[in-house]
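K.L.:
Starting off with a structure, shown below.
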Amino acid sequence: MHKIMKRIIYIMSLGALLISTVLTAQEDLERYLVTAAEHNPGLRSAFNEYMAALEMAPQVRALPDPQLAFSYFITPMETRMGPQRFKLEASQMFPWFGTLQAREDEASQNAKSKYEVFLEKRSELFNQVRSTYYDLYFSRRAMDLARDNLRLLGVFHNLARIKIEAGKVSVLDEYRIQMEIGEMENQLALLVDQEHLLEVMFNNLLNAERGQPIVTPGVLWEDDLLWSMEQVQDSIQARNHGLLALSLEQEALAFRKELVQKEGKPAFMLGIEYTVIGKGPDQMAGTDAIMFPMVGISIPLYRNKYRAMVNEVVYLQEAREAEKSEKINMLETIQERAWKEYRDAGRRIVLFESQRELASRSLTLLETEYTTGSTNFEEILRMERMWLEYGVELEKARTDKQAAISFINYLMGK
């Protein structure tokens, strides 16, 4: 009874340690995401595009610059009140009522659209970071499995040599296992190169220095989606940043259409003219300057220009509506594929956990039978390959499941 309790306590402690390791690994990944958000140059570029778009609103809502003119009469023009020496003119144009507001509204919507583009870039970056992280985890776990397999092959190799020396089997068994070891060493070398490539890719996404250590868990967590397929579809429709950006572009085009219509209305000019008069024989005492108010109007006579501008906006609105419909259809197809991959990965995890356990038991039995001489060495090698393949496929399924969850979150704008 005491031994059973110790075993239970050991299993519970091992489970708690595994959970703690998984939680730490998830915290590491969150830290990597924060680093990518702060340092990735592509994301900084998208954010600066948004900040530049914000600066458009103060520009377009301002009135046109006032005009100031100075005229000096080289030969003074004689008037009844005296010779004109020089004059100053100041004027200000005022567009049709509501024009400035329409310009500001269009610029504001364009800035909001740029912000959604930035958020789309951020979601895409986060998905790339997570996917590369999972690929790196898989590469490292495949390396661990390859090394375990090499150690196991070494055990079989020693066992085969003992039986060869005893004259129970031919040297052919040793040749077979040497070929297996050679292939596995080559596969391990390829995995080492792949790990290096993934580390470079990951650090570049974070814009980190080359060679920075990347921490991955011993066993990847197996999180599940918290939403049903219908909830995922609704969330994509409501929160996908690409769709939101297109919607905001449509709203900006509506304001541009209103702006074009207002720009086809008259504009008004108000100003003053200040004329300095010199002294003349008939000048009245104390009247050395005259000020005149000025009023003007700009009439847009060439209507074809404004009609073409309105038609341009209408065509752009139709183009954005078609583009949005196409994106909705594309997102639905992509979401269905990601959902299929998520469910398939979940099934494969269950399958290969069971298959690997059975292969491990079978391998132990075959090793015993080979020792007693009741089984062929080829059976051991075949089962050993299956044991390795099931282990690799299990890790690939775990990786694919989390990658599918990451991609679905990206589609949902997370």
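In the structure tokens, the first chain shown is A, the next is B, and so on; residue numbers restart at 1 for each chain, and ligands run from 1 in the order shown.
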Hey, what's within 9 Å of Arg61 in chain A if we count only C-alpha atoms and toss same-chain stuff fewer than 2 positions away? As a list in words, please?

P.N.:
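Residues near the query, excluding close chain neighbours: Met56, Ala57, Pro58, Gln59, Leu63, Thr99, Leu100, Gln101, Ala102, Arg103 and Glu104 of chain A.
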
K.L.:
Enumerate, in order of chain and increasing residue number, the residues of range 109-175 of chain A with an atom no farther than 10 Å from range 366-381 of chain A, each with its shortest atom pair and distance in Å to one decimal, counting only C-alpha atoms, as CSV.

P.N.:
```
residue,atom,partner,partner_atom,distance
A:Leu153,CA,A:Leu381,CA,8.6
A:Phe156,CA,A:Glu367,CA,8.2
A:Leu159,CA,A:Thr371,CA,7.8
A:Ala160,CA,A:Phe377,CA,8.4
A:Ile162,CA,A:Thr371,CA,9.7
A:Lys163,CA,A:Thr371,CA,8.1
A:Lys168,CA,A:Gly373,CA,7.8
A:Val169,CA,A:Gly373,CA,8.7
A:Leu172,CA,A:Phe377,CA,9.6
A:Asp173,CA,A:Phe377,CA,6.5
A:Glu174,CA,A:Phe377,CA,9.6
```

K.L.:
Can you work out the spacing between CA of Ser298 in chain A and CA of Leu270 in chain A in Å, to one decimal?

P.N.:
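So the answer is 11.4 Å.
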
K.L.:
Ranking A:Glu312, A:Glu120, A:Glu318, A:Asp105 by minimum distance to Leu411 in chain A and counting only C-alpha atoms, which one comes first?

P.N.:
A:Glu120

K.L.:
Quick one: everything within 10 Å of range 240-245 of chain A, counting only C-alpha atoms, minus sequence neighbours fewer than 3 positions away in the same chain. Send it as a PyMOL selection string.

P.N.:
chain A and resi 109-123+234-237+248-251+323-325+327-328+331+409-414

K.L.:
Could you give me, as a VMD selection string, each residue of range 135-286 of chain A that DSSP assigns to alpha helix (DSSP H) when run on this structure's backbone?

P.N.:
chain A and resid 135 to 165 172 to 206 229 to 239 241 to 263

K.L.:
Do you have, as a tab-separated table, the list of residues of range 23-45 of chain A lying at most 9 Å from range 126-142 of chain A, each with its nearest atom pair and that distance in Å to one decimal, counting only C-alpha atoms and ordered by chain then number?

P.N.:
```
residue	atom	partner	partner_atom	distance
A:Leu29	CA	A:Arg130	CA	7.5
A:Tyr32	CA	A:Val129	CA	7.8
A:Leu33	CA	A:Phe126	CA	6.2
A:Ala36	CA	A:Phe126	CA	7.7
A:Ala37	CA	A:Phe126	CA	8.0
```

K.L.:
Skipping near chain neighbours, those fewer than 6 positions away, what residues fall within 9 Å of Tyr72 in chain A using only C-alpha atoms, listed as a PyMOL selection string?

P.N.:
chain A and resi 84-88

K.L.:
For Arg307 in chain A, which residue among A:Glu332, A:Glu263, A:Glu27, A:Glu357 is the nearest when counting only C-alpha atoms?

P.N.:
A:Glu263

K.L.:
With only C-alpha atoms as the basis for distance, which of A:Ile297, A:Met330, A:Met184, A:Val260 is at the shortest distance from Val314 in chain A?

P.N.:
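Ranked by minimum distance to Val314 in chain A, first place goes to A:Val260.
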
K.L.:
Could you give me, as a list in words, the residues within 8 Å of Phe292 in chain A, counting only C-alpha atoms and dropping anything in the same chain fewer than 6 positions from it?

P.N.:
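Those residues are Ile272, Glu273 and Tyr274 of chain A.
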
K.L.:
Could you list, with a cut-off of 10 Å and counting only C-alpha atoms, the residues of range 225-280 of chain A near range 299-305 of chain A, each shown with its nearest atom pair and the distance in Å rounded to one decimal, rows sorted by chain and ascending number, as JSON lines?

P.N.:
```
{"residue": "A:Glu263", "atom": "CA", "partner": "A:Pro300", "partner_atom": "CA", "distance": 8.4}
{"residue": "A:Gly264", "atom": "CA", "partner": "A:Pro300", "partner_atom": "CA", "distance": 6.0}
{"residue": "A:Lys265", "atom": "CA", "partner": "A:Pro300", "partner_atom": "CA", "distance": 6.7}
{"residue": "A:Pro266", "atom": "CA", "partner": "A:Ile299", "partner_atom": "CA", "distance": 4.8}
{"residue": "A:Ala267", "atom": "CA", "partner": "A:Ile299", "partner_atom": "CA", "distance": 6.9}
{"residue": "A:Phe268", "atom": "CA", "partner": "A:Ile299", "partner_atom": "CA", "distance": 9.0}
```

K.L.:
Would you write out those residues with N, CA and C atoms, as a JSON list (two decimals), in the first residue's frame?

P.N.:
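Saved as again-v1.json:
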```json
[["chain", "number", "residue", "atom", "x", "y", "z"],
["A", 263, "GLU", "N", -17.47, 70.17, -53.93],
["A", 263, "GLU", "CA", -16.47, 70.93, -54.68],
["A", 263, "GLU", "C", -17.02, 71.43, -56.00],
["A", 264, "GLY", "N", -18.11, 70.84, -56.46],
["A", 264, "GLY", "CA", -18.77, 71.33, -57.66],
["A", 264, "GLY", "C", -19.65, 72.53, -57.41],
["A", 265, "LYS", "N", -19.74, 72.98, -56.15],
["A", 265, "LYS", "CA", -20.50, 74.17, -55.81],
["A", 265, "LYS", "C", -19.60, 75.41, -55.83],
["A", 266, "PRO", "N", -20.18, 76.61, -55.87],
["A", 266, "PRO", "CA", -19.36, 77.83, -55.88],
["A", 266, "PRO", "C", -18.55, 77.98, -54.60],
["A", 267, "ALA", "N", -17.42, 78.69, -54.71],
["A", 267, "ALA", "CA", -16.60, 79.08, -53.56],
["A", 267, "ALA", "C", -16.62, 80.60, -53.46],
["A", 268, "PHE", "N", -16.42, 81.10, -52.25],
["A", 268, "PHE", "CA", -16.56, 82.54, -52.01],
["A", 268, "PHE", "C", -15.23, 83.13, -51.57]]
```

K.L.:
For range 396-405 of chain A, please output as a list in words all residues within 6 Å (counting only C-alpha atoms; exclusion window: fewer than 3 positions along the same chain).

P.N.:
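My list of contacting residues is Ser131, Tyr134, Ala338, Tyr342, Ala345, Arg348, Ile349, Glu393 and Ile408 of chain A.
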
K.L.:
Taking the chain letters and numbering used in this document, name the residues of range 190-398 of chain A that DSSP puts in strand (DSSP E or B), as an MDAnalysis selection string.

P.N.:
chainID A and resid 267:277 289:298

K.L.:
Taking only C-alpha atoms into account, which of A:Val200, A:Ala146, A:Val232, A:Met291 comes nearest Leu188 in chain A?

P.N.:
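The closest residue to Leu188 in chain A is A:Ala146.
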